[in-house]
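Asks: For reference, the structure I am asking about is given below.
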Amino acid sequence: MTDALLDINGLCVEFVTDEGTLRAVDRVSFSVRPNEVLGVVGESGCGKSVTAMSLLSLIPSPPGRISAGKAVFQGQDLIAMPHESLRRIRGKEISMIFQEPGACLSPLHRIGDQLAEAVMLHYPMPKQEALNKGRDWLSKVGIPEPDRMLKAYPFQLSGGMQQRVMIAMAMINGPSLIIADEPTTALDVTIAAQIFDLMRQMRDEKTSVMLISHDLGVIWEMCDRVLVMYAGRIVEEAEIRDLFENPLHPYTRALMRSVPVLDEDQEELSTIKGQVPSPLNYPPGCRFHDRCPHAEEPCKKESPELRTLAPNKKAACFFAEKWMK
Ligand SMILES: Nc1ncnc2c1ncn2[C@@H]1O[C@H](COP(=O)(O)OP(=O)(O)OP(=O)(O)O)[C@@H](O)[C@H]1O
């Protein structure tokens with residue numbers, strides 16, 4: 001797609017383990033468009049984080065490696081790019097918010113110095129100016145007494161405060177893309193709402209967000225489009241309203257049924273029976289078939305490709321048309 005901000009094609013990520021080589025992300029293709037929040041959902045272990053981390057070459061290597069695929073951002077393939085060039089993009093054009101702030105804050109330096117450094121690395125300016133910018137962003141992410149916070153070390157902060165500092169650091173340079181992996185798990189709901197408001201504001205200006213979340217409520221509130229991942233592959237891609245009103249993949253349908261809906265008569269809440277298969281042990285055929293109430297013979301033998309069923313609507317199920325409204 002030519003109007004994409006980021007175009008991922010055929011991404012495969014493998015890990016070498018004692019039990020063998022596993023493919024955690026298997027031929028994943030999708031685009032992130034300008035000014036959108038793209039959600040990524042799926043149960044634990046489906047490959048959401050590994051997909052996100054591979055885009056900025058943050059997969060620990062060894063044991064991991066990107067074995068195939070391209071991720072074209074502003075005409076350049078992030079995966080084939082030398083590390084030096086990627087460093088110029090990381091934190092400036094694309095930044096990442098992790099589940100754990102420990103991964104990105106240095107224990108040895110004051111918060112203010114780390115924020116100022118994040119700015120000055122890409123935009124040379126007097127340190128005081130960068131510190132002022134840092135203080136403004138600490139306020140924006142809801143940190144009280146930002147002046148005092150600039151002088152603090154990470155260990156003096158609670159986990160939630162560290163998380164907010166990391167979010168400020170990811171946003172401070174106004175990147176074109178923020179990859180946010182469960183960004184608010186450590187935060188209380190009021191602060192989380194404030195962070196999501198900031199993300200929406202940035203989306204309306206110039207930033208796209210790839211938002212990984214287990215929380216379908218958050219996905220519904222925040223996202224324009226959604227990718228559903230299962231066992232290392234994308235099984236459905238749709239615009240948000242469409243995904244919730246007319247999910248086409250049995251896995252998506254099962255995910256939706258596992259969420260309580262307020263103010264609605266709802267059939268019994270169900271959990272999805274069984275477990276996500278280990279990447280060392282994917283079943284043949286459709287990887288969801290042994291958990292799928294609608295599986296038929298072909299599902300046990302052949303792997304359905306992700307196919308376009310309508311504009312902005314894709315699913316990887318042989319029988320997706322059954323549920324098309
Ligand atoms: N360093 C590693 N070595 C071996 N396997 C790994 C490694 N990192 C991830 N994996 C495997 O890759 C698969 C995908 O993991 P990933 O963290 O992307 O899942 P996820 O969908 O983000 O789950 P969660 O929501 O729990 O973060 C899992 O089976 C995981 O065990």
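Ligands are numbered from 1 in the order shown, residues from 1 within each chain, and chains are lettered A, B, ... in the order they appear in the structure tokens.
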List all protein, DNA and RNA residues that have at least one atom no more than 7 Å from any atom of ligand 1, counting only C-alpha atoms and all ligand atoms, and write them as a PyMOL selection string.
Replies: chain A and resi 15-17+24+42-51+60+63-64+214+232+278-279
Asks: To test your reading of the structure, identify every residue in segment 11-124 of chain A that backbone DSSP assigns to helix (DSSP H, G or I), and report it as a list in words.
Replies: Lys48, Ser49, Val50, Thr51, Ala52, Met53, Ser54, Leu55, His83, Glu84, Ser85, Leu86, Arg87, Arg88, Ile89, Pro101, Gly102, Ala103, Ile111, Gly112, Asp113, Gln114, Leu115, Ala116, Glu117, Ala118, Val119 and Met120 of chain A
Asks: For Arg88 of chain A, which residue among A:Pro101, A:Pro277, A:Pro175, A:Gly217 is the nearest when counting only C-alpha atoms?
Replies: A:Pro175
Asks: Counting only C-alpha atoms, figure out which residue out of A:Met202, A:Ala254, A:Leu280, A:Ala231 gets nearest to Gly174 of chain A.
Replies: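 With only C-alpha atoms as the atom set, the closest residue is A:Met202.
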Asks: Find the residues near Gln99 of chain A: any atom within 8 Å, counting only C-alpha atoms, skip ones fewer than 4 places away on the same chain, and give them as a PyMOL selection string.
Replies: chain A and resi 181-186
Asks: Next, write the just-selected residues to a file, as a compact mmCIF listing (two decimals), in the first residue's frame, keeping C-alpha atoms as the atom set.
Replies:
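Generated output (result.txt):
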# COMPACT_ATOMS: atom_id res chain seq x y z
CA ASP A 181 3.07 -2.68 24.22
CA GLU A 182 0.53 -2.83 27.06
CA PRO A 183 1.54 0.73 27.96
CA THR A 184 -0.79 1.29 30.90
CA THR A 185 -0.85 -2.03 32.73
CA ALA A 186 1.10 -0.55 35.66
Asks: I need the residues in segment 169-289 of chain A that are strand (DSSP E) according to DSSP; give them as a PyMOL selection string.
Replies: chain A and resi 177-181+208-212+225-230+233-239
Asks: May I have a table of the residues of segment 42-143 of chain A lying at most 10 Å from segment 27-30 of chain A, giving each one's closest pair of atoms and their distance in Å to one decimal, counting only C-alpha atoms, ordered by chain and ascending residue number, as JSON lines?
Replies:
{"residue": "A:Gly47", "atom": "CA", "partner": "A:Val28", "partner_atom": "CA", "distance": 10.0}
{"residue": "A:Thr51", "atom": "CA", "partner": "A:Val28", "partner_atom": "CA", "distance": 8.3}
{"residue": "A:Ser67", "atom": "CA", "partner": "A:Arg27", "partner_atom": "CA", "distance": 9.9}
{"residue": "A:Ala68", "atom": "CA", "partner": "A:Arg27", "partner_atom": "CA", "distance": 7.9}
{"residue": "A:Gly69", "atom": "CA", "partner": "A:Arg27", "partner_atom": "CA", "distance": 7.5}
{"residue": "A:Lys70", "atom": "CA", "partner": "A:Ser29", "partner_atom": "CA", "distance": 9.0}
{"residue": "A:Ala71", "atom": "CA", "partner": "A:Ser29", "partner_atom": "CA", "distance": 9.0}
Asks: Let me see the file: selected residues, N, CA and C atoms, as a compact mmCIF listing (two decimals), in the first residue's frame.
Replies:
# COMPACT_ATOMS: atom_id res chain seq x y z
N GLY A 47 2.52 -13.73 19.80
CA GLY A 47 3.55 -13.10 18.98
C GLY A 47 3.41 -11.59 18.83
N THR A 51 6.54 -9.32 17.42
CA THR A 51 6.32 -8.54 16.19
C THR A 51 6.75 -7.09 16.42
N SER A 67 14.11 -13.90 10.44
CA SER A 67 14.59 -14.80 9.39
C SER A 67 14.05 -14.42 8.01
N ALA A 68 13.03 -13.58 7.97
CA ALA A 68 12.52 -13.13 6.66
C ALA A 68 11.67 -11.89 6.88
N GLY A 69 11.49 -11.15 5.80
CA GLY A 69 10.53 -10.05 5.83
C GLY A 69 11.14 -8.68 5.69
N LYS A 70 10.26 -7.74 5.41
CA LYS A 70 10.64 -6.35 5.26
C LYS A 70 9.73 -5.50 6.12
N ALA A 71 10.23 -4.36 6.57
CA ALA A 71 9.39 -3.39 7.28
C ALA A 71 9.77 -2.02 6.72
